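Peer 1: Here you go, this is final36.cif (mmCIF, N, CA and C atoms).
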```cif
data_coords
#
loop_
_atom_site.label_atom_id
_atom_site.label_comp_id
_atom_site.auth_asym_id
_atom_site.auth_seq_id
_atom_site.Cartn_x
_atom_site.Cartn_y
_atom_site.Cartn_z
N MET A 335 46.26 180.31 38.29
CA MET A 335 46.78 179.79 39.54
C MET A 335 45.74 179.92 40.64
N GLU A 336 45.06 181.06 40.67
CA GLU A 336 44.05 181.27 41.73
C GLU A 336 42.94 180.22 41.63
N GLU A 337 42.48 179.95 40.42
CA GLU A 337 41.41 178.96 40.24
C GLU A 337 41.87 177.58 40.69
N ALA A 338 43.10 177.21 40.36
CA ALA A 338 43.61 175.90 40.73
C ALA A 338 43.80 175.75 42.25
N LEU A 339 44.16 176.82 42.91
CA LEU A 339 44.42 176.77 44.35
C LEU A 339 43.15 176.86 45.20
N THR A 340 42.12 177.47 44.66
CA THR A 340 40.91 177.70 45.44
C THR A 340 40.31 176.39 45.92
N ASP A 341 40.22 176.25 47.24
CA ASP A 341 39.65 175.08 47.92
C ASP A 341 40.40 173.78 47.64
N ALA A 342 41.66 173.87 47.28
CA ALA A 342 42.46 172.67 47.01
C ALA A 342 42.75 171.91 48.31
N ASP A 343 42.75 170.59 48.23
CA ASP A 343 43.12 169.72 49.35
C ASP A 343 44.61 169.42 49.34
N VAL A 344 45.16 169.27 48.12
CA VAL A 344 46.57 168.94 47.92
C VAL A 344 47.09 169.84 46.81
N ILE A 345 48.29 170.38 47.02
CA ILE A 345 48.93 171.21 46.00
C ILE A 345 50.25 170.55 45.64
N MET A 346 50.35 170.14 44.37
CA MET A 346 51.57 169.48 43.88
C MET A 346 52.30 170.44 42.96
N MET A 347 53.48 170.85 43.37
CA MET A 347 54.30 171.73 42.54
C MET A 347 55.36 170.89 41.84
N LEU A 348 55.80 171.37 40.69
CA LEU A 348 56.86 170.69 39.95
C LEU A 348 57.99 171.67 39.65
N ARG A 349 59.16 171.15 39.44
CA ARG A 349 60.35 171.96 39.20
C ARG A 349 60.42 172.40 37.75
N ILE A 350 60.79 173.64 37.55
CA ILE A 350 61.07 174.14 36.21
C ILE A 350 62.46 173.65 35.84
N GLN A 351 62.58 173.01 34.71
CA GLN A 351 63.88 172.51 34.28
C GLN A 351 64.46 173.45 33.22
N LEU A 352 64.92 174.58 33.69
CA LEU A 352 65.45 175.61 32.79
C LEU A 352 66.63 175.09 31.97
N GLU A 353 67.41 174.20 32.54
CA GLU A 353 68.59 173.70 31.84
C GLU A 353 68.24 172.84 30.63
N ARG A 354 67.01 172.36 30.54
CA ARG A 354 66.59 171.52 29.41
C ARG A 354 65.84 172.30 28.34
N GLN A 355 65.64 173.55 28.55
CA GLN A 355 64.91 174.35 27.57
C GLN A 355 65.89 174.95 26.57
N GLY A 356 65.59 174.74 25.27
CA GLY A 356 66.39 175.36 24.24
C GLY A 356 66.14 176.85 24.16
N GLN A 357 64.93 177.22 24.48
CA GLN A 357 64.56 178.63 24.52
C GLN A 357 63.64 178.83 25.71
N SER A 358 63.66 179.99 26.25
CA SER A 358 62.84 180.28 27.42
C SER A 358 61.37 180.37 27.02
N LEU A 359 60.50 179.74 27.80
CA LEU A 359 59.07 179.78 27.52
C LEU A 359 58.38 180.93 28.23
N PHE A 360 59.15 181.68 29.01
CA PHE A 360 58.63 182.86 29.69
C PHE A 360 59.76 183.87 29.78
N PRO A 361 59.43 185.15 29.82
CA PRO A 361 60.47 186.18 29.78
C PRO A 361 61.51 186.13 30.90
N SER A 362 61.10 185.78 32.13
CA SER A 362 62.07 185.74 33.22
C SER A 362 61.60 184.83 34.34
N VAL A 363 62.56 184.39 35.14
CA VAL A 363 62.25 183.56 36.31
C VAL A 363 61.40 184.37 37.28
N ARG A 364 61.69 185.65 37.41
CA ARG A 364 60.91 186.52 38.30
C ARG A 364 59.44 186.55 37.87
N GLU A 365 59.20 186.66 36.56
CA GLU A 365 57.82 186.68 36.07
C GLU A 365 57.13 185.34 36.34
N TYR A 366 57.84 184.24 36.11
CA TYR A 366 57.25 182.92 36.38
C TYR A 366 56.85 182.83 37.85
N SER A 367 57.74 183.22 38.73
CA SER A 367 57.45 183.17 40.15
C SER A 367 56.25 184.02 40.51
N ARG A 368 56.18 185.18 39.91
CA ARG A 368 55.07 186.10 40.20
C ARG A 368 53.72 185.51 39.80
N PHE A 369 53.66 184.86 38.65
CA PHE A 369 52.39 184.34 38.15
C PHE A 369 52.09 182.90 38.57
N PHE A 370 53.12 182.07 38.73
CA PHE A 370 52.90 180.65 38.97
C PHE A 370 53.56 180.10 40.21
N GLY A 371 54.29 180.91 40.94
CA GLY A 371 54.96 180.44 42.15
C GLY A 371 54.00 180.31 43.32
N LEU A 372 54.22 179.30 44.14
CA LEU A 372 53.40 179.10 45.34
C LEU A 372 54.05 179.87 46.48
N ASN A 373 53.27 180.72 47.12
CA ASN A 373 53.79 181.55 48.21
C ASN A 373 52.74 181.68 49.31
N SER A 374 53.10 182.36 50.38
CA SER A 374 52.21 182.48 51.53
C SER A 374 50.93 183.24 51.20
N LYS A 375 50.96 184.08 50.19
CA LYS A 375 49.76 184.83 49.82
C LYS A 375 48.77 183.94 49.07
N ASN A 376 49.22 183.30 48.00
CA ASN A 376 48.25 182.53 47.20
C ASN A 376 47.89 181.18 47.82
N ILE A 377 48.71 180.67 48.73
CA ILE A 377 48.36 179.41 49.39
C ILE A 377 47.13 179.59 50.28
N SER A 378 46.85 180.81 50.66
CA SER A 378 45.67 181.08 51.50
C SER A 378 44.36 180.78 50.77
N LEU A 379 44.41 180.62 49.46
CA LEU A 379 43.22 180.26 48.68
C LEU A 379 42.84 178.80 48.87
N ALA A 380 43.80 177.97 49.21
CA ALA A 380 43.55 176.54 49.40
C ALA A 380 42.86 176.31 50.74
N LYS A 381 42.37 175.09 50.92
CA LYS A 381 41.77 174.75 52.20
C LYS A 381 42.81 174.91 53.30
N GLU A 382 42.34 175.21 54.49
CA GLU A 382 43.23 175.48 55.61
C GLU A 382 44.14 174.30 55.93
N ASP A 383 43.65 173.08 55.69
CA ASP A 383 44.45 171.89 56.00
C ASP A 383 45.07 171.26 54.74
N ALA A 384 45.11 172.01 53.64
CA ALA A 384 45.71 171.51 52.41
C ALA A 384 47.19 171.22 52.62
N VAL A 385 47.67 170.16 51.98
CA VAL A 385 49.09 169.81 52.08
C VAL A 385 49.82 170.20 50.81
N ILE A 386 51.12 170.44 50.96
CA ILE A 386 51.96 170.89 49.86
C ILE A 386 52.92 169.76 49.51
N MET A 387 53.00 169.44 48.22
CA MET A 387 53.91 168.39 47.75
C MET A 387 54.80 168.93 46.63
N HIS A 388 55.97 168.32 46.52
CA HIS A 388 56.93 168.65 45.47
C HIS A 388 57.93 167.50 45.43
N PRO A 389 58.17 166.89 44.27
CA PRO A 389 59.05 165.72 44.23
C PRO A 389 60.52 166.04 44.41
N GLY A 390 60.89 167.32 44.33
CA GLY A 390 62.27 167.72 44.47
C GLY A 390 63.06 167.39 43.20
N PRO A 391 64.21 167.96 43.02
CA PRO A 391 64.66 169.13 43.76
C PRO A 391 63.84 170.35 43.37
N MET A 392 63.81 171.33 44.24
CA MET A 392 62.99 172.50 43.97
C MET A 392 63.85 173.74 43.79
N ASN A 393 63.32 174.66 43.04
CA ASN A 393 63.94 175.98 42.88
C ASN A 393 63.26 176.91 43.86
N ARG A 394 63.85 177.05 45.03
CA ARG A 394 63.24 177.91 46.06
C ARG A 394 63.16 179.34 45.55
N GLY A 395 62.02 179.93 45.79
CA GLY A 395 61.81 181.29 45.36
C GLY A 395 61.36 181.41 43.92
N VAL A 396 61.27 180.30 43.22
CA VAL A 396 60.78 180.32 41.85
C VAL A 396 59.42 179.62 41.82
N GLU A 397 59.40 178.29 41.87
CA GLU A 397 58.10 177.62 41.86
C GLU A 397 57.47 177.54 43.25
N ILE A 398 58.27 177.72 44.28
CA ILE A 398 57.74 177.65 45.64
C ILE A 398 58.63 178.48 46.57
N SER A 399 58.00 179.22 47.47
CA SER A 399 58.78 180.03 48.41
C SER A 399 59.32 179.13 49.53
N SER A 400 60.41 179.55 50.13
CA SER A 400 61.00 178.77 51.22
C SER A 400 60.05 178.63 52.39
N GLU A 401 59.31 179.70 52.72
CA GLU A 401 58.41 179.60 53.88
C GLU A 401 57.30 178.58 53.65
N VAL A 402 56.85 178.41 52.42
CA VAL A 402 55.83 177.40 52.11
C VAL A 402 56.48 176.02 52.09
N ALA A 403 57.63 175.90 51.45
CA ALA A 403 58.32 174.61 51.36
C ALA A 403 58.69 174.06 52.73
N ASP A 404 59.03 174.93 53.66
CA ASP A 404 59.45 174.51 55.00
C ASP A 404 58.32 174.61 56.03
N GLY A 405 57.13 174.97 55.59
CA GLY A 405 56.00 175.19 56.49
C GLY A 405 55.41 173.90 57.02
N ALA A 406 54.51 174.05 57.96
CA ALA A 406 53.87 172.91 58.63
C ALA A 406 53.03 172.06 57.69
N ARG A 407 52.55 172.65 56.61
CA ARG A 407 51.68 171.91 55.67
C ARG A 407 52.47 171.15 54.62
N SER A 408 53.77 171.31 54.61
CA SER A 408 54.63 170.71 53.59
C SER A 408 54.90 169.23 53.88
N LEU A 409 54.70 168.40 52.86
CA LEU A 409 55.05 166.98 52.92
C LEU A 409 56.24 166.68 52.01
N ILE A 410 56.93 167.72 51.61
CA ILE A 410 57.98 167.59 50.60
C ILE A 410 59.09 166.65 51.03
N LEU A 411 59.60 166.79 52.24
CA LEU A 411 60.70 165.92 52.67
C LEU A 411 60.25 164.46 52.75
N ASP A 412 59.03 164.21 53.21
CA ASP A 412 58.49 162.85 53.24
C ASP A 412 58.35 162.30 51.82
N GLN A 413 57.84 163.13 50.92
CA GLN A 413 57.65 162.70 49.54
C GLN A 413 58.99 162.35 48.88
N VAL A 414 59.99 163.17 49.09
CA VAL A 414 61.32 162.91 48.51
C VAL A 414 61.90 161.63 49.10
N ASN A 415 61.81 161.48 50.41
CA ASN A 415 62.35 160.30 51.07
C ASN A 415 61.63 159.03 50.61
N ASN A 416 60.31 159.05 50.56
CA ASN A 416 59.55 157.87 50.13
C ASN A 416 59.74 157.59 48.65
N GLY A 417 59.96 158.64 47.86
CA GLY A 417 60.17 158.45 46.43
C GLY A 417 61.40 157.61 46.13
N ILE A 418 62.43 157.72 46.95
CA ILE A 418 63.64 156.92 46.78
C ILE A 418 63.31 155.44 46.98
N ALA A 419 62.58 155.12 48.03
CA ALA A 419 62.21 153.72 48.31
C ALA A 419 61.32 153.15 47.20
N VAL A 420 60.39 153.93 46.71
CA VAL A 420 59.50 153.47 45.64
C VAL A 420 60.31 153.18 44.37
N ARG A 421 61.21 154.09 44.01
CA ARG A 421 62.03 153.87 42.81
C ARG A 421 62.94 152.64 42.98
N MET A 422 63.48 152.44 44.17
CA MET A 422 64.31 151.26 44.41
C MET A 422 63.51 149.98 44.25
N ALA A 423 62.29 149.96 44.78
CA ALA A 423 61.43 148.77 44.67
C ALA A 423 61.06 148.50 43.21
N LEU A 424 60.73 149.55 42.47
CA LEU A 424 60.39 149.37 41.06
C LEU A 424 61.57 148.85 40.26
N LEU A 425 62.75 149.40 40.50
CA LEU A 425 63.94 148.93 39.80
C LEU A 425 64.24 147.47 40.14
N TYR A 426 64.04 147.11 41.39
CA TYR A 426 64.24 145.72 41.82
C TYR A 426 63.31 144.79 41.05
N LEU A 427 62.03 145.15 40.98
CA LEU A 427 61.06 144.31 40.27
C LEU A 427 61.35 144.26 38.77
N LEU A 428 61.70 145.41 38.20
CA LEU A 428 62.00 145.44 36.76
C LEU A 428 63.25 144.65 36.41
N ALA A 429 64.16 144.54 37.36
CA ALA A 429 65.39 143.79 37.14
C ALA A 429 65.19 142.30 37.37
N GLY A 430 63.96 141.86 37.65
CA GLY A 430 63.67 140.44 37.81
C GLY A 430 63.56 139.98 39.25
N GLY A 431 63.48 140.90 40.18
CA GLY A 431 63.32 140.53 41.59
C GLY A 431 62.00 139.81 41.82
N HIS A 432 61.90 139.14 42.92
CA HIS A 432 60.69 138.40 43.25
C HIS A 432 59.65 139.29 43.89
N LYS A 433 58.43 139.23 43.41
CA LYS A 433 57.35 140.06 43.93
C LYS A 433 57.07 139.77 45.39
N GLU A 434 57.25 138.51 45.80
CA GLU A 434 56.96 138.12 47.18
C GLU A 434 57.90 138.80 48.17
N ALA A 435 59.08 139.19 47.73
CA ALA A 435 60.06 139.79 48.63
C ALA A 435 59.78 141.25 48.92
N VAL A 436 58.94 141.88 48.09
CA VAL A 436 58.62 143.30 48.29
C VAL A 436 57.35 143.41 49.11
N THR A 437 57.43 144.15 50.22
CA THR A 437 56.24 144.32 51.05
C THR A 437 55.79 145.73 51.03
#
```
What does the file become when written as structure tokens?

Peer 2:
Amino acid sequence: MEEALTDADVIMMLRIQLERQGQSLFPSVREYSRFFGLNSKNISLAKEDAVIMHPGPMNRGVEISSEVADGARSLILDQVNNGIAVRMALLYLLAGGHKEAVT
């Protein structure tokens, strides 16, 4: 994690989908958070102006701490909001919509 965060411009976190795992790939959620969770301590390894992204939904306190998710560097709400529009446009085109109508 430290190597990946060092001097990073953008940090993209993803959600752990515990409900889809037949067996746990790590001993505990606490251990996962400790080794792979993004928090105020390890984010300091990234560039000072690095942005934080996450497509949502997120497990607060597991893959990302609340203070990082809600911090000034977070683009998470914008990413989630824009992701809806992108998916709607793609579904429209895949369903036979006209390319000229999408801007």

Peer 1: List the neighbours of A:Ile410 out to 6 Å using all atoms listed in the file; skip same-chain residues closer than 5 positions along the sequence, and give me the result as a ChimeraX atom specification.

Peer 2: /A:386-388,415

Peer 1: Find the residues near stretch 393-399 of chain A: any atom within 8 Å, counting only C-alpha atoms, skip ones fewer than 6 places away on the same chain, and give them as a list in words.

Peer 2: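 Everything that qualifies: Met347, Leu348, Arg349, Ile350, Val363, Arg364, Tyr366, Ser367, Phe370, Gly371, Leu372, Asn373 and Ser374 of chain A.
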
Peer 1: So how far away is atom C of A:Glu353 from atom C of A:Arg421, in Å?

Peer 2: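 Between atom C of A:Arg421 and atom C of A:Glu353 the gap is 24.3 Å.
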
Peer 1: As an exercise, work out the distance from atom CA of A:Lys381 to atom CA of A:Asp343 in Å and give it to one decimal place.

Peer 2: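 Atom CA of A:Lys381 sits 5.9 Å away from atom CA of A:Asp343.
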
Peer 1: In Å, rounded to a single decimal, give me how far atom CA of A:Ala338 is from atom CA of A:Ala406.

Peer 2: 20.8 Å

Peer 1: Can you work out which one of A:Gly430, A:Pro391, A:Gly405, A:Gly417 has the shortest atom-to-atom distance to A:Ile377, counting only C-alpha atoms?

Peer 2: A:Gly405

Peer 1: Among chain A, which ones does DSSP place in strand (DSSP E), written as a ChimeraX atom specification?

Peer 2: /A:344-346,385-387

Peer 1: Just checking: using all atoms listed in the file, which residue out of A:Leu427, A:Met422, A:Val344, A:Glu336 ends up closest to A:Asp383?

Peer 2: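 Checking each of A:Leu427, A:Met422, A:Val344, A:Glu336 against A:Asp383, counting all atoms listed in the file, the winner is A:Val344.
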
Peer 1: Any chance you could list, as an MDAnalysis selection string, the residues in chain A that come up helix (DSSP H, G or I) when DSSP is run on the backbone?

Peer 2: chainID A and resid 336:339 352:354 363:370 376:379 400:403 410:428 433:435

Peer 1: With all atoms listed in the file as the basis for distance, which of A:Asn416, A:Gly431, A:Arg407, A:Leu339 is at the shortest distance from A:Val385?

Peer 2: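 Among A:Asn416, A:Gly431, A:Arg407, A:Leu339, it is A:Arg407 that comes nearest to A:Val385.
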
Peer 1: Return stretch 363-374 of chain A, completed with all heavy atoms, as a PDB file, in the coordinates of the input.

Peer 2:
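Everything below was put into out03.pdb:
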```
ATOM      1  N   VAL A 363      62.560 184.390  35.140  1.00  0.00           N
ATOM      2  CA  VAL A 363      62.250 183.560  36.310  1.00  0.00           C
ATOM      3  C   VAL A 363      61.400 184.370  37.280  1.00  0.00           C
ATOM      4  O   VAL A 363      60.471 183.834  37.900  1.00  0.00           O
ATOM      5  CB  VAL A 363      63.554 183.069  36.974  1.00  0.00           C
ATOM      6  CG1 VAL A 363      63.270 182.371  38.284  1.00  0.00           C
ATOM      7  CG2 VAL A 363      64.302 182.155  36.030  1.00  0.00           C
ATOM      8  N   ARG A 364      61.690 185.650  37.410  1.00  0.00           N
ATOM      9  CA  ARG A 364      60.910 186.520  38.300  1.00  0.00           C
ATOM     10  C   ARG A 364      59.440 186.550  37.870  1.00  0.00           C
ATOM     11  O   ARG A 364      58.539 186.456  38.692  1.00  0.00           O
ATOM     12  CB  ARG A 364      61.476 187.931  38.298  1.00  0.00           C
ATOM     13  CG  ARG A 364      60.630 188.885  39.138  1.00  0.00           C
ATOM     14  CD  ARG A 364      61.096 190.301  39.016  1.00  0.00           C
ATOM     15  NE  ARG A 364      62.174 190.497  39.960  1.00  0.00           N
ATOM     16  CZ  ARG A 364      62.943 191.559  39.991  1.00  0.00           C
ATOM     17  NH1 ARG A 364      62.789 192.524  39.129  1.00  0.00           N
ATOM     18  NH2 ARG A 364      63.887 191.663  40.896  1.00  0.00           N
ATOM     19  N   GLU A 365      59.200 186.660  36.560  1.00  0.00           N
ATOM     20  CA  GLU A 365      57.820 186.680  36.070  1.00  0.00           C
ATOM     21  C   GLU A 365      57.130 185.340  36.340  1.00  0.00           C
ATOM     22  O   GLU A 365      55.978 185.295  36.752  1.00  0.00           O
ATOM     23  CB  GLU A 365      57.779 187.005  34.583  1.00  0.00           C
ATOM     24  CG  GLU A 365      56.354 187.071  34.056  1.00  0.00           C
ATOM     25  CD  GLU A 365      56.284 187.341  32.580  1.00  0.00           C
ATOM     26  OE1 GLU A 365      56.870 186.576  31.798  1.00  0.00           O
ATOM     27  OE2 GLU A 365      55.628 188.330  32.217  1.00  0.00           O
ATOM     28  N   TYR A 366      57.840 184.240  36.110  1.00  0.00           N
ATOM     29  CA  TYR A 366      57.250 182.920  36.380  1.00  0.00           C
ATOM     30  C   TYR A 366      56.850 182.830  37.850  1.00  0.00           C
ATOM     31  O   TYR A 366      55.741 182.413  38.179  1.00  0.00           O
ATOM     32  CB  TYR A 366      58.239 181.796  36.047  1.00  0.00           C
ATOM     33  CG  TYR A 366      57.634 180.443  36.289  1.00  0.00           C
ATOM     34  CD1 TYR A 366      56.944 179.796  35.282  1.00  0.00           C
ATOM     35  CD2 TYR A 366      57.708 179.835  37.539  1.00  0.00           C
ATOM     36  CE1 TYR A 366      56.355 178.562  35.512  1.00  0.00           C
ATOM     37  CE2 TYR A 366      57.127 178.616  37.776  1.00  0.00           C
ATOM     38  CZ  TYR A 366      56.449 177.983  36.756  1.00  0.00           C
ATOM     39  OH  TYR A 366      55.849 176.774  36.992  1.00  0.00           O
ATOM     40  N   SER A 367      57.740 183.220  38.730  1.00  0.00           N
ATOM     41  CA  SER A 367      57.450 183.170  40.150  1.00  0.00           C
ATOM     42  C   SER A 367      56.250 184.020  40.510  1.00  0.00           C
ATOM     43  O   SER A 367      55.402 183.622  41.312  1.00  0.00           O
ATOM     44  CB  SER A 367      58.680 183.623  40.948  1.00  0.00           C
ATOM     45  OG  SER A 367      58.404 183.592  42.321  1.00  0.00           O
ATOM     46  N   ARG A 368      56.180 185.180  39.910  1.00  0.00           N
ATOM     47  CA  ARG A 368      55.070 186.100  40.200  1.00  0.00           C
ATOM     48  C   ARG A 368      53.720 185.510  39.800  1.00  0.00           C
ATOM     49  O   ARG A 368      52.743 185.621  40.522  1.00  0.00           O
ATOM     50  CB  ARG A 368      55.306 187.406  39.460  1.00  0.00           C
ATOM     51  CG  ARG A 368      54.263 188.455  39.745  1.00  0.00           C
ATOM     52  CD  ARG A 368      54.664 189.793  39.138  1.00  0.00           C
ATOM     53  NE  ARG A 368      53.477 190.585  38.944  1.00  0.00           N
ATOM     54  CZ  ARG A 368      53.167 191.209  37.837  1.00  0.00           C
ATOM     55  NH1 ARG A 368      53.977 191.171  36.808  1.00  0.00           N
ATOM     56  NH2 ARG A 368      52.059 191.899  37.746  1.00  0.00           N
ATOM     57  N   PHE A 369      53.660 184.860  38.650  1.00  0.00           N
ATOM     58  CA  PHE A 369      52.390 184.340  38.150  1.00  0.00           C
ATOM     59  C   PHE A 369      52.090 182.900  38.570  1.00  0.00           C
ATOM     60  O   PHE A 369      50.931 182.535  38.724  1.00  0.00           O
ATOM     61  CB  PHE A 369      52.335 184.442  36.623  1.00  0.00           C
ATOM     62  CG  PHE A 369      52.178 185.844  36.125  1.00  0.00           C
ATOM     63  CD1 PHE A 369      53.243 186.496  35.545  1.00  0.00           C
ATOM     64  CD2 PHE A 369      50.969 186.509  36.257  1.00  0.00           C
ATOM     65  CE1 PHE A 369      53.110 187.805  35.090  1.00  0.00           C
ATOM     66  CE2 PHE A 369      50.823 187.813  35.811  1.00  0.00           C
ATOM     67  CZ  PHE A 369      51.902 188.460  35.224  1.00  0.00           C
ATOM     68  N   PHE A 370      53.120 182.070  38.730  1.00  0.00           N
ATOM     69  CA  PHE A 370      52.900 180.650  38.970  1.00  0.00           C
ATOM     70  C   PHE A 370      53.560 180.100  40.210  1.00  0.00           C
ATOM     71  O   PHE A 370      53.415 178.918  40.514  1.00  0.00           O
ATOM     72  CB  PHE A 370      53.375 179.849  37.750  1.00  0.00           C
ATOM     73  CG  PHE A 370      52.723 180.269  36.469  1.00  0.00           C
ATOM     74  CD1 PHE A 370      53.442 180.936  35.499  1.00  0.00           C
ATOM     75  CD2 PHE A 370      51.382 180.021  36.238  1.00  0.00           C
ATOM     76  CE1 PHE A 370      52.857 181.335  34.311  1.00  0.00           C
ATOM     77  CE2 PHE A 370      50.777 180.426  35.058  1.00  0.00           C
ATOM     78  CZ  PHE A 370      51.520 181.085  34.090  1.00  0.00           C
ATOM     79  N   GLY A 371      54.290 180.910  40.940  1.00  0.00           N
ATOM     80  CA  GLY A 371      54.960 180.440  42.150  1.00  0.00           C
ATOM     81  C   GLY A 371      54.000 180.310  43.320  1.00  0.00           C
ATOM     82  O   GLY A 371      53.075 181.102  43.476  1.00  0.00           O
ATOM     83  N   LEU A 372      54.220 179.300  44.140  1.00  0.00           N
ATOM     84  CA  LEU A 372      53.400 179.100  45.340  1.00  0.00           C
ATOM     85  C   LEU A 372      54.050 179.870  46.480  1.00  0.00           C
ATOM     86  O   LEU A 372      55.234 179.700  46.769  1.00  0.00           O
ATOM     87  CB  LEU A 372      53.319 177.611  45.667  1.00  0.00           C
ATOM     88  CG  LEU A 372      52.363 177.224  46.775  1.00  0.00           C
ATOM     89  CD1 LEU A 372      50.920 177.565  46.398  1.00  0.00           C
ATOM     90  CD2 LEU A 372      52.477 175.739  47.075  1.00  0.00           C
ATOM     91  N   ASN A 373      53.270 180.720  47.120  1.00  0.00           N
ATOM     92  CA  ASN A 373      53.790 181.550  48.210  1.00  0.00           C
ATOM     93  C   ASN A 373      52.740 181.680  49.310  1.00  0.00           C
ATOM     94  O   ASN A 373      51.638 181.170  49.191  1.00  0.00           O
ATOM     95  CB  ASN A 373      54.211 182.926  47.663  1.00  0.00           C
ATOM     96  CG  ASN A 373      53.082 183.621  46.945  1.00  0.00           C
ATOM     97  OD1 ASN A 373      51.981 183.778  47.481  1.00  0.00           O
ATOM     98  ND2 ASN A 373      53.329 184.040  45.706  1.00  0.00           N
ATOM     99  N   SER A 374      53.100 182.360  50.380  1.00  0.00           N
ATOM    100  CA  SER A 374      52.210 182.480  51.530  1.00  0.00           C
ATOM    101  C   SER A 374      50.930 183.240  51.200  1.00  0.00           C
ATOM    102  O   SER A 374      49.904 183.043  51.852  1.00  0.00           O
ATOM    103  CB  SER A 374      52.931 183.126  52.703  1.00  0.00           C
ATOM    104  OG  SER A 374      53.398 184.404  52.336  1.00  0.00           O
TER     105      SER A 374
END
```
